[in-house]
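Q: My file is protein_1.cif. It has mmCIF, C-alpha atoms:
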data_data
#
loop_
_atom_site.group_PDB
_atom_site.id
_atom_site.type_symbol
_atom_site.label_atom_id
_atom_site.label_comp_id
_atom_site.auth_asym_id
_atom_site.auth_seq_id
_atom_site.Cartn_x
_atom_site.Cartn_y
_atom_site.Cartn_z
ATOM 1 C CA VAL X 1 -44.015 2.082 -6.449
ATOM 2 C CA TYR X 2 -42.694 -1.424 -5.746
ATOM 3 C CA ARG X 3 -45.499 -2.265 -3.290
ATOM 4 C CA SER X 4 -43.254 -4.585 -1.261
ATOM 5 C CA GLN X 5 -43.920 -3.082 2.161
ATOM 6 C CA LYS X 6 -46.472 -5.671 3.336
ATOM 7 C CA GLN X 7 -44.273 -8.614 2.425
ATOM 8 C CA ILE X 8 -41.205 -7.065 4.019
ATOM 9 C CA GLY X 9 -43.231 -6.107 7.076
ATOM 10 C CA ALA X 10 -44.474 -9.695 7.486
ATOM 11 C CA VAL X 11 -40.952 -11.121 7.296
ATOM 12 C CA LEU X 12 -39.570 -8.520 9.700
ATOM 13 C CA ALA X 13 -42.400 -9.100 12.180
ATOM 14 C CA ALA X 14 -41.621 -12.823 12.250
ATOM 15 C CA LYS X 15 -37.893 -12.196 12.682
ATOM 16 C CA PHE X 16 -38.451 -9.590 15.400
ATOM 17 C CA MET X 17 -40.852 -11.835 17.318
ATOM 18 C CA SER X 18 -38.474 -14.808 17.173
ATOM 19 C CA GLY X 19 -35.587 -12.672 18.376
ATOM 20 C CA GLU X 20 -33.527 -13.402 15.270
ATOM 21 C CA LEU X 21 -33.416 -9.698 14.454
ATOM 22 C CA SER X 22 -34.049 -6.374 16.127
ATOM 23 C CA ARG X 23 -35.067 -3.153 14.399
ATOM 24 C CA GLU X 24 -31.482 -1.918 14.672
ATOM 25 C CA ASP X 25 -30.264 -4.901 12.624
ATOM 26 C CA VAL X 26 -32.021 -3.805 9.441
ATOM 27 C CA PHE X 27 -31.685 -0.686 7.319
ATOM 28 C CA ILE X 28 -34.859 0.287 5.493
ATOM 29 C CA THR X 29 -34.990 2.688 2.560
ATOM 30 C CA SER X 30 -38.207 3.702 0.844
ATOM 31 C CA LYS X 31 -39.305 6.171 -1.823
ATOM 32 C CA LEU X 32 -42.323 8.255 -2.711
ATOM 33 C CA PHE X 33 -43.245 11.078 -5.121
ATOM 34 C CA HIS X 34 -43.460 9.171 -8.383
ATOM 35 C CA GLY X 35 -45.572 9.955 -11.424
ATOM 36 C CA ASP X 36 -47.595 7.256 -13.125
ATOM 37 C CA MET X 37 -45.951 4.694 -15.419
ATOM 38 C CA PRO X 38 -48.772 2.781 -17.139
ATOM 39 C CA GLY X 39 -48.013 -0.903 -17.396
ATOM 40 C CA LEU X 40 -45.155 -0.705 -14.917
ATOM 41 C CA THR X 41 -46.684 0.673 -11.727
ATOM 42 C CA ARG X 42 -49.660 -0.431 -9.672
ATOM 43 C CA ARG X 43 -52.735 1.658 -8.988
ATOM 44 C CA GLY X 44 -52.416 3.586 -5.757
ATOM 45 C CA SER X 45 -48.624 3.401 -5.643
ATOM 46 C CA THR X 46 -47.960 6.548 -7.687
ATOM 47 C CA LEU X 47 -49.331 10.034 -8.255
ATOM 48 C CA PRO X 48 -51.019 9.636 -11.669
ATOM 49 C CA THR X 49 -52.031 13.296 -11.939
ATOM 50 C CA LEU X 50 -48.821 14.747 -10.515
ATOM 51 C CA ASP X 51 -48.387 17.304 -13.298
ATOM 52 C CA ASP X 52 -51.834 18.707 -12.495
ATOM 53 C CA MET X 53 -51.560 18.706 -8.693
ATOM 54 C CA THR X 54 -51.255 21.833 -6.582
ATOM 55 C CA PRO X 55 -48.548 21.990 -3.902
ATOM 56 C CA ASP X 56 -51.220 21.547 -1.203
ATOM 57 C CA GLU X 57 -52.502 18.428 -2.946
ATOM 58 C CA VAL X 58 -48.946 17.108 -3.125
ATOM 59 C CA THR X 59 -48.505 17.703 0.608
ATOM 60 C CA ASP X 60 -51.650 15.724 1.426
ATOM 61 C CA ALA X 61 -50.735 12.881 -0.946
ATOM 62 C CA ILE X 62 -47.141 12.534 0.282
ATOM 63 C CA GLU X 63 -48.216 12.573 3.933
ATOM 64 C CA ALA X 64 -50.710 9.797 3.177
ATOM 65 C CA GLN X 65 -48.120 7.755 1.265
ATOM 66 C CA PHE X 66 -45.562 8.160 4.035
ATOM 67 C CA GLU X 67 -48.019 7.015 6.687
ATOM 68 C CA LEU X 68 -49.068 4.030 4.558
ATOM 69 C CA ILE X 69 -45.464 2.939 4.082
ATOM 70 C CA LEU X 70 -44.830 2.955 7.841
ATOM 71 C CA GLU X 71 -48.115 1.165 8.518
ATOM 72 C CA GLU X 72 -47.460 -1.585 5.978
ATOM 73 C CA LEU X 73 -43.880 -2.077 7.114
ATOM 74 C CA GLY X 74 -45.049 -2.256 10.702
ATOM 75 C CA VAL X 75 -42.126 -0.164 11.941
ATOM 76 C CA GLY X 76 -42.032 3.237 13.562
ATOM 77 C CA TYR X 77 -39.495 4.763 11.223
ATOM 78 C CA VAL X 78 -37.497 4.236 8.043
ATOM 79 C CA ASP X 79 -33.769 4.785 7.877
ATOM 80 C CA ILE X 80 -33.934 6.746 4.620
ATOM 81 C CA MET X 81 -36.907 8.200 2.783
ATOM 82 C CA LEU X 82 -36.292 9.493 -0.725
ATOM 83 C CA LEU X 83 -38.182 11.567 -3.262
ATOM 84 C CA HIS X 84 -38.125 9.121 -6.178
ATOM 85 C CA TRP X 85 -37.962 11.591 -9.086
ATOM 86 C CA PRO X 86 -37.766 15.386 -9.363
ATOM 87 C CA ALA X 87 -40.933 15.367 -11.492
ATOM 88 C CA VAL X 88 -42.952 13.219 -13.848
ATOM 89 C CA MET X 89 -40.440 11.658 -16.216
ATOM 90 C CA ASP X 90 -39.417 14.130 -18.942
ATOM 91 C CA SER X 91 -41.868 16.746 -17.604
ATOM 92 C CA GLN X 92 -41.124 20.402 -18.296
ATOM 93 C CA ASP X 93 -44.176 21.641 -16.393
ATOM 94 C CA GLY X 94 -43.734 25.051 -14.783
ATOM 95 C CA GLY X 95 -45.113 23.850 -11.457
ATOM 96 C CA ASN X 96 -42.517 21.120 -10.894
ATOM 97 C CA ALA X 97 -40.327 23.126 -8.515
ATOM 98 C CA ALA X 98 -43.247 24.055 -6.253
ATOM 99 C CA ARG X 99 -44.460 20.464 -6.131
ATOM 100 C CA ARG X 100 -40.951 19.211 -5.297
ATOM 101 C CA LEU X 101 -40.693 21.690 -2.448
ATOM 102 C CA ALA X 102 -44.084 20.655 -1.065
ATOM 103 C CA ALA X 103 -43.047 16.993 -1.096
ATOM 104 C CA TRP X 104 -39.674 17.799 0.467
ATOM 105 C CA LYS X 105 -41.304 19.786 3.259
ATOM 106 C CA VAL X 106 -43.238 16.633 4.214
ATOM 107 C CA LEU X 107 -39.962 14.708 4.456
ATOM 108 C CA GLU X 108 -38.455 17.466 6.592
ATOM 109 C CA LYS X 109 -41.438 17.211 8.933
ATOM 110 C CA MET X 110 -41.190 13.418 9.163
ATOM 111 C CA TYR X 111 -37.453 13.736 9.814
ATOM 112 C CA ALA X 112 -38.129 16.151 12.672
ATOM 113 C CA ARG X 113 -40.624 13.665 14.119
ATOM 114 C CA GLY X 114 -38.124 10.812 13.933
ATOM 115 C CA GLN X 115 -40.172 8.880 11.403
ATOM 116 C CA ALA X 116 -37.255 9.054 8.977
ATOM 117 C CA ARG X 117 -33.701 8.868 10.289
ATOM 118 C CA SER X 118 -32.437 10.558 7.128
ATOM 119 C CA ILE X 119 -34.019 12.055 4.018
ATOM 120 C CA GLY X 120 -32.833 12.390 0.472
ATOM 121 C CA VAL X 121 -33.634 12.417 -3.205
ATOM 122 C CA SER X 122 -33.249 10.187 -6.227
ATOM 123 C CA ASN X 123 -32.501 11.064 -9.843
ATOM 124 C CA PHE X 124 -32.005 14.743 -8.962
ATOM 125 C CA SER X 125 -29.564 16.893 -10.906
ATOM 126 C CA GLU X 126 -27.523 19.585 -9.220
ATOM 127 C CA HIS X 127 -30.000 22.135 -10.597
ATOM 128 C CA HIS X 128 -32.927 20.424 -8.870
ATOM 129 C CA ILE X 129 -31.145 20.458 -5.516
ATOM 130 C CA ASP X 130 -30.024 24.078 -5.893
ATOM 131 C CA ARG X 131 -33.574 25.132 -6.748
ATOM 132 C CA LEU X 132 -34.975 23.165 -3.814
ATOM 133 C CA MET X 133 -32.723 25.047 -1.398
ATOM 134 C CA GLU X 134 -33.357 28.409 -3.071
ATOM 135 C CA ASP X 135 -37.111 27.877 -2.805
ATOM 136 C CA GLY X 136 -37.067 27.383 0.951
ATOM 137 C CA ALA X 137 -35.909 23.893 1.900
ATOM 138 C CA GLU X 138 -34.374 23.922 5.381
ATOM 139 C CA ILE X 139 -32.478 20.638 5.131
ATOM 140 C CA LEU X 140 -30.036 19.810 2.360
ATOM 141 C CA PRO X 141 -30.750 16.320 0.984
ATOM 142 C CA MET X 142 -28.514 13.848 2.781
ATOM 143 C CA VAL X 143 -28.515 11.309 -0.050
ATOM 144 C CA ASN X 144 -28.937 11.347 -3.820
ATOM 145 C CA GLN X 145 -29.636 7.942 -5.340
ATOM 146 C CA ILE X 146 -28.676 7.885 -9.014
ATOM 147 C CA GLU X 147 -27.941 5.334 -11.695
ATOM 148 C CA ALA X 148 -24.225 4.543 -11.745
ATOM 149 C CA SER X 149 -22.086 1.702 -13.027
ATOM 150 C CA VAL X 150 -18.847 1.040 -14.864
ATOM 151 C CA TYR X 151 -20.754 2.020 -18.010
ATOM 152 C CA LYS X 152 -22.822 4.914 -16.612
ATOM 153 C CA SER X 153 -21.732 8.026 -14.768
ATOM 154 C CA TRP X 154 -23.311 11.400 -14.089
ATOM 155 C CA GLU X 155 -20.054 13.275 -13.564
ATOM 156 C CA ASN X 156 -21.495 16.706 -12.767
ATOM 157 C CA ILE X 157 -24.024 15.317 -10.288
ATOM 158 C CA LYS X 158 -21.312 13.312 -8.540
ATOM 159 C CA ALA X 159 -18.964 16.295 -8.288
ATOM 160 C CA TYR X 160 -21.784 18.473 -6.943
ATOM 161 C CA CYS X 161 -22.839 15.963 -4.294
ATOM 162 C CA ASP X 162 -19.267 15.151 -3.274
ATOM 163 C CA GLY X 163 -18.593 18.854 -2.822
ATOM 164 C CA ARG X 164 -21.586 19.319 -0.525
ATOM 165 C CA GLY X 165 -21.371 16.187 1.550
ATOM 166 C CA ILE X 166 -24.427 14.583 -0.072
ATOM 167 C CA LYS X 167 -23.942 10.812 -0.005
ATOM 168 C CA LEU X 168 -24.366 8.999 -3.303
ATOM 169 C CA MET X 169 -26.193 5.711 -3.727
ATOM 170 C CA ALA X 170 -25.864 3.786 -6.994
ATOM 171 C CA TYR X 171 -28.841 1.869 -8.319
ATOM 172 C CA SER X 172 -28.458 -0.633 -11.179
ATOM 173 C CA PRO X 173 -24.695 -0.790 -10.448
ATOM 174 C CA LEU X 174 -24.341 -3.906 -12.611
ATOM 175 C CA GLY X 175 -26.279 -2.398 -15.500
ATOM 176 C CA LEU X 176 -29.043 -3.816 -17.629
ATOM 177 C CA GLY X 177 -27.969 -2.606 -21.025
ATOM 178 C CA LYS X 178 -27.622 -4.311 -24.400
ATOM 179 C CA GLU X 179 -24.119 -5.537 -23.563
ATOM 180 C CA SER X 180 -23.659 -6.826 -20.052
ATOM 181 C CA LEU X 181 -20.820 -5.006 -18.377
ATOM 182 C CA LEU X 182 -20.104 -8.251 -16.525
ATOM 183 C CA ASN X 183 -18.819 -9.653 -19.849
ATOM 184 C CA ASP X 184 -16.680 -6.628 -20.617
ATOM 185 C CA PRO X 185 -13.064 -7.716 -21.335
ATOM 186 C CA VAL X 186 -11.635 -5.081 -19.000
ATOM 187 C CA VAL X 187 -13.874 -6.151 -16.115
ATOM 188 C CA THR X 188 -13.347 -9.884 -16.656
ATOM 189 C CA SER X 189 -9.578 -9.479 -17.031
ATOM 190 C CA ILE X 190 -9.283 -7.663 -13.697
ATOM 191 C CA ALA X 191 -11.583 -10.227 -12.077
ATOM 192 C CA ARG X 192 -9.456 -13.150 -13.312
ATOM 193 C CA SER X 193 -6.234 -11.535 -12.137
ATOM 194 C CA LYS X 194 -7.650 -11.160 -8.626
ATOM 195 C CA GLY X 195 -9.622 -14.387 -8.413
ATOM 196 C CA LEU X 196 -12.902 -12.477 -8.133
ATOM 197 C CA ALA X 197 -16.297 -12.466 -9.803
ATOM 198 C CA PRO X 198 -16.803 -9.698 -12.390
ATOM 199 C CA SER X 199 -19.664 -8.334 -10.283
ATOM 200 C CA GLN X 200 -17.292 -7.811 -7.353
ATOM 201 C CA VAL X 201 -14.941 -5.780 -9.524
ATOM 202 C CA ALA X 202 -17.788 -3.669 -10.928
ATOM 203 C CA LEU X 203 -19.214 -2.980 -7.469
ATOM 204 C CA ARG X 204 -15.862 -2.337 -5.796
ATOM 205 C CA TYR X 205 -15.108 0.243 -8.488
ATOM 206 C CA LEU X 206 -18.148 2.240 -7.346
ATOM 207 C CA VAL X 207 -17.373 1.746 -3.654
ATOM 208 C CA GLN X 208 -13.901 3.204 -4.168
ATOM 209 C CA GLN X 209 -15.527 6.181 -5.857
ATOM 210 C CA GLY X 210 -17.596 6.809 -2.733
ATOM 211 C CA TYR X 211 -20.921 5.220 -3.707
ATOM 212 C CA ALA X 212 -23.118 3.012 -1.592
ATOM 213 C CA VAL X 213 -24.163 0.280 -4.039
ATOM 214 C CA LEU X 214 -27.563 -1.381 -4.427
ATOM 215 C CA PRO X 215 -27.178 -4.588 -6.446
ATOM 216 C CA LEU X 216 -30.236 -6.765 -6.979
ATOM 217 C CA SER X 217 -30.094 -10.563 -7.111
ATOM 218 C CA SER X 218 -32.290 -13.552 -6.329
ATOM 219 C CA SER X 219 -29.267 -15.876 -6.068
ATOM 220 C CA GLU X 220 -27.905 -16.528 -2.582
ATOM 221 C CA GLU X 221 -24.425 -17.108 -3.992
ATOM 222 C CA ARG X 222 -24.421 -13.860 -5.947
ATOM 223 C CA LEU X 223 -25.742 -12.010 -2.906
ATOM 224 C CA ARG X 224 -22.832 -13.384 -0.901
ATOM 225 C CA LEU X 225 -20.344 -12.285 -3.551
ATOM 226 C CA ASN X 226 -21.946 -8.850 -3.828
ATOM 227 C CA LEU X 227 -21.532 -8.340 -0.088
ATOM 228 C CA ASP X 228 -17.855 -9.353 -0.137
ATOM 229 C CA LEU X 229 -16.466 -6.056 -1.352
ATOM 230 C CA PHE X 230 -14.156 -5.047 1.469
ATOM 231 C CA SER X 231 -11.657 -7.893 1.514
ATOM 232 C CA PHE X 232 -9.830 -6.490 -1.509
ATOM 233 C CA SER X 233 -9.212 -3.223 -3.327
ATOM 234 C CA LEU X 234 -8.518 -2.101 -6.864
ATOM 235 C CA THR X 235 -5.230 -0.484 -7.817
ATOM 236 C CA ASP X 236 -5.048 2.995 -9.293
ATOM 237 C CA ALA X 237 -4.229 1.467 -12.692
ATOM 238 C CA GLU X 238 -7.257 -0.844 -12.490
ATOM 239 C CA MET X 239 -9.509 2.047 -11.482
ATOM 240 C CA GLU X 240 -8.275 4.069 -14.466
ATOM 241 C CA LYS X 241 -9.055 1.216 -16.872
ATOM 242 C CA LEU X 242 -12.571 0.882 -15.454
ATOM 243 C CA TYR X 243 -13.103 4.646 -15.401
ATOM 244 C CA ALA X 244 -12.419 4.771 -19.129
ATOM 245 C CA LEU X 245 -15.432 2.511 -19.736
ATOM 246 C CA ARG X 246 -17.855 5.240 -18.632
ATOM 247 C CA THR X 247 -17.740 6.644 -22.161
ATOM 248 C CA LYS X 248 -20.015 3.773 -23.229
ATOM 249 C CA ASP X 249 -22.770 5.728 -21.447
ATOM 250 C CA GLU X 250 -24.977 2.654 -21.330
ATOM 251 C CA GLY X 251 -27.720 2.569 -18.713
ATOM 252 C CA ILE X 252 -31.036 0.856 -18.196
ATOM 253 C CA GLY X 253 -33.018 3.261 -20.338
ATOM 254 C CA LEU X 254 -34.395 5.721 -17.798
ATOM 255 C CA PRO X 255 -34.746 9.441 -18.585
ATOM 256 C CA SER X 256 -31.910 11.808 -17.850
ATOM 257 C CA PRO X 257 -32.291 13.890 -14.670
ATOM 258 C CA TYR X 258 -31.584 16.893 -16.905
ATOM 259 C CA ASP X 259 -34.720 16.240 -18.961
ATOM 260 C CA MET X 260 -37.042 17.324 -16.131
ATOM 261 C CA SER X 261 -37.571 20.951 -15.145
#
For the structure just supplied, provide its representation as C-alpha cells.

A:
Amino acid sequence: VYRSQKQIGAVLAAKFMSGELSREDVFITSKLFHGDMPGLTRRGSTLPTLDDMTPDEVTDAIEAQFELILEELGVGYVDIMLLHWPAVMDSQDGGNAARRLAAWKVLEKMYARGQARSIGVSNFSEHHIDRLMEDGAEILPMVNQIEASVYKSWENIKAYCDGRGIKLMAYSPLGLGKESLLNDPVVTSIARSKGLAPSQVALRYLVQQGYAVLPLSSSEERLRLNLDLFSFSLTDAEMEKLYALRTKDEGIGLPSPYDMS
C-alpha cells in the first residue's frame, strides 16, 4: 500500500555495502491483502476487486505481491509479514473468510520457506482469528497490529491476544484525532512531573500494557525521544489515570474491525 519498498531497499543496499549495517541490524515489517482505497492508494499496490476474487485468485495475487515486496526491498526475507485487513473495509461479503484463509495460507508457505521470519495480521478481531483457525489455518497469527493509544483501546481484542500469546503492535499510538492526546491535561501533567515529553508518557503507557509501539515522525529529535522509553516507568496510579482516558474512544477514523465479516 505504502509503496516504500524501493526507497528503503536503496538505502539498505547502500548501508549494507558500506558495512554500516548488516541485515541482522534492521527489522523489516510489511503488509499485503488490502482492498482499494481510491484517492489514498496507488494503482498496483492493492487488490481493487478483492470482494469479487475467488480464493485461488487471492492466492495468486498474494504470492505475486509477496515476491514483489522482497524483490523491491532487495532482501531475502522480511521479519514480519502481515495481512493488512480482514477484508475490504466495512465489507460484509460472504466470501471474506475463504479469501482470508487463502491469503493466510500463502503467508504460512512463505514462513515455512524462511521468506518471513514471523507472520501475523492487522486490524483483526478475535472473531476473525477464531474463524481463520477453524477454517484450516495451521499457524496461529504471531502478531496482531491494531490501532491503540491513550484515547483508543480495543479491550476484547487485547484480552483475546494476550490470552493466546499473540503479540500486539500499536499503530497510531500518538493518535490523529480532533484533540491531540499530547495536549491532554493528564498526559502533560504526568510528563511535567517526570521531566519527559508527553509523547514518551503516551508511548510508555502502551509499552507497559504489552504493546510494541509504532510512532511515526520526521523529526530526528522526536524520533530520539520516542525511542527513549525504557529509562523510566509509570506508577500504578499514573497508569490508572491514563487508562481512564480510553473512554474518549478517539482514533484516526478507520473502520472498526467488527464491521467486517

Q: Where's the centre, and what are the edge lengths in Å to one decimal, of a box along x, y and z enclosing all listed atoms of segment 59-68 of chain X padded 3 Å per side, as lines of an AutoDock Vina configuration file?

A:
center_x = -48.6
center_y = 10.9
center_z = 2.9
size_x = 12.1
size_y = 19.7
size_z = 13.6

Q: May I have the residues within 7 Å of Ser30 of chain X as a ChimeraX atom specification, using only C-alpha atoms and disregarding those fewer than 4 positions away in the same chain?

A: /X:80-82

Q: Return the single residue from X:Asn183, X:Ser18, X:Thr46, X:Ser149 that is closest to Ala244 of chain X, with distances computed using only C-alpha atoms.

A: X:Ser149

Q: Extract, using all atoms listed in the file, all DNA, RNA and protein residues at most 7 Å from Leu168 of chain X, discarding same-chain residues fewer than 3 positions from it, and format them as a ChimeraX atom specification.

A: /X:143-145,211-212

Q: Which polymer residues have any atom within 8 Å of an atom of Ala103 of chain X, counting only C-alpha atoms, with same-chain residues fewer than 2 positions away left out, as number ranges by chain?

A: X: 33, 55, 58-59, 62, 83, 99-101, 105-107

Q: If you keep C-alpha atoms, can you produce a file of those selected residues as a compact mmCIF listing (two decimals), keeping the file's coordinate frame?

A:
# COMPACT_ATOMS: atom_id res chain seq x y z
CA PHE X 33 -43.24 11.08 -5.12
CA PRO X 55 -48.55 21.99 -3.90
CA VAL X 58 -48.95 17.11 -3.12
CA THR X 59 -48.50 17.70 0.61
CA ILE X 62 -47.14 12.53 0.28
CA LEU X 83 -38.18 11.57 -3.26
CA ARG X 99 -44.46 20.46 -6.13
CA ARG X 100 -40.95 19.21 -5.30
CA LEU X 101 -40.69 21.69 -2.45
CA LYS X 105 -41.30 19.79 3.26
CA VAL X 106 -43.24 16.63 4.21
CA LEU X 107 -39.96 14.71 4.46

Q: Please write the residues picked by the PyMOL selection byres ((chain X and resi 86) around 6) on this file as a list in words.

A: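 This file gives the following for the PyMOL selection byres ((chain X and resi 86) around 6): Trp85, Ala87 and Phe124 of chain X.
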
Q: Can you pull out every residue within 6 Å of segment 128-142 of chain X, counting only C-alpha atoms, but drop anything in the same chain fewer than 2 positions away, and send it as a list in words?

A: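 That gives Ile119, Gly120, Phe124, Ser125, Glu126 and Ile166 of chain X.
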
Q: May I have the residues at most 12 Å from (-17.1, 8.3, -1.3) in the file's coordinates, counting only C-alpha atoms, as JSON, numbers by chain?

A: {"X": [143, 158, 159, 161, 162, 163, 164, 165, 166, 167, 168, 169, 170, 204, 205, 206, 207, 208, 209, 210, 211, 212, 213]}

Q: Got a sec to check which residues sit within 10 Å of (-36.5, 12.4, -21.1), counting all atoms listed in the file, and write them as a list in words?

A: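 I get Val88, Met89, Asp90, Ser91, Gln92, Gly253, Leu254, Pro255, Ser256, Pro257, Tyr258, Asp259 and Met260 of chain X for the residues within 10 Å of that point.
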
Q: What separation in Å, quoted to one decimal, exists between atom CA of Ala64 of chain X and atom CA of His34 of chain X?

A: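 Separation of atom CA of Ala64 of chain X and atom CA of His34 of chain X: 13.7 Å.
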
Q: Mind giving me the straight-line distance from atom CA of Asp51 of chain X to atom CA of Ser118 of chain X in Å, one decimal?

A: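 Result for atom CA of Asp51 of chain X versus atom CA of Ser118 of chain X: 26.8 Å, one decimal.
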
Q: Counting all atoms listed in the file, figure out which residue out of X:Leu174, X:Ala116, X:Ile69, X:Val201 gets nearest to Ser231 of chain X.

A: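 Closest candidate: X:Val201.
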
Q: Looking at X:Ala112, X:Leu182, X:Ile8, X:Val78, which one is nearest to Tyr151 of chain X, with distances taken over all atoms listed in the file?

A: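 Closest to Tyr151 of chain X of all the choices is X:Leu182.
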
Q: Quick check, in Å to one decimal: how far apart do atom CA of Pro185 of chain X and atom CA of Gln200 of chain X lie?

A: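 For atom CA of Pro185 of chain X relative to atom CA of Gln200 of chain X, the distance reads 14.6 Å.
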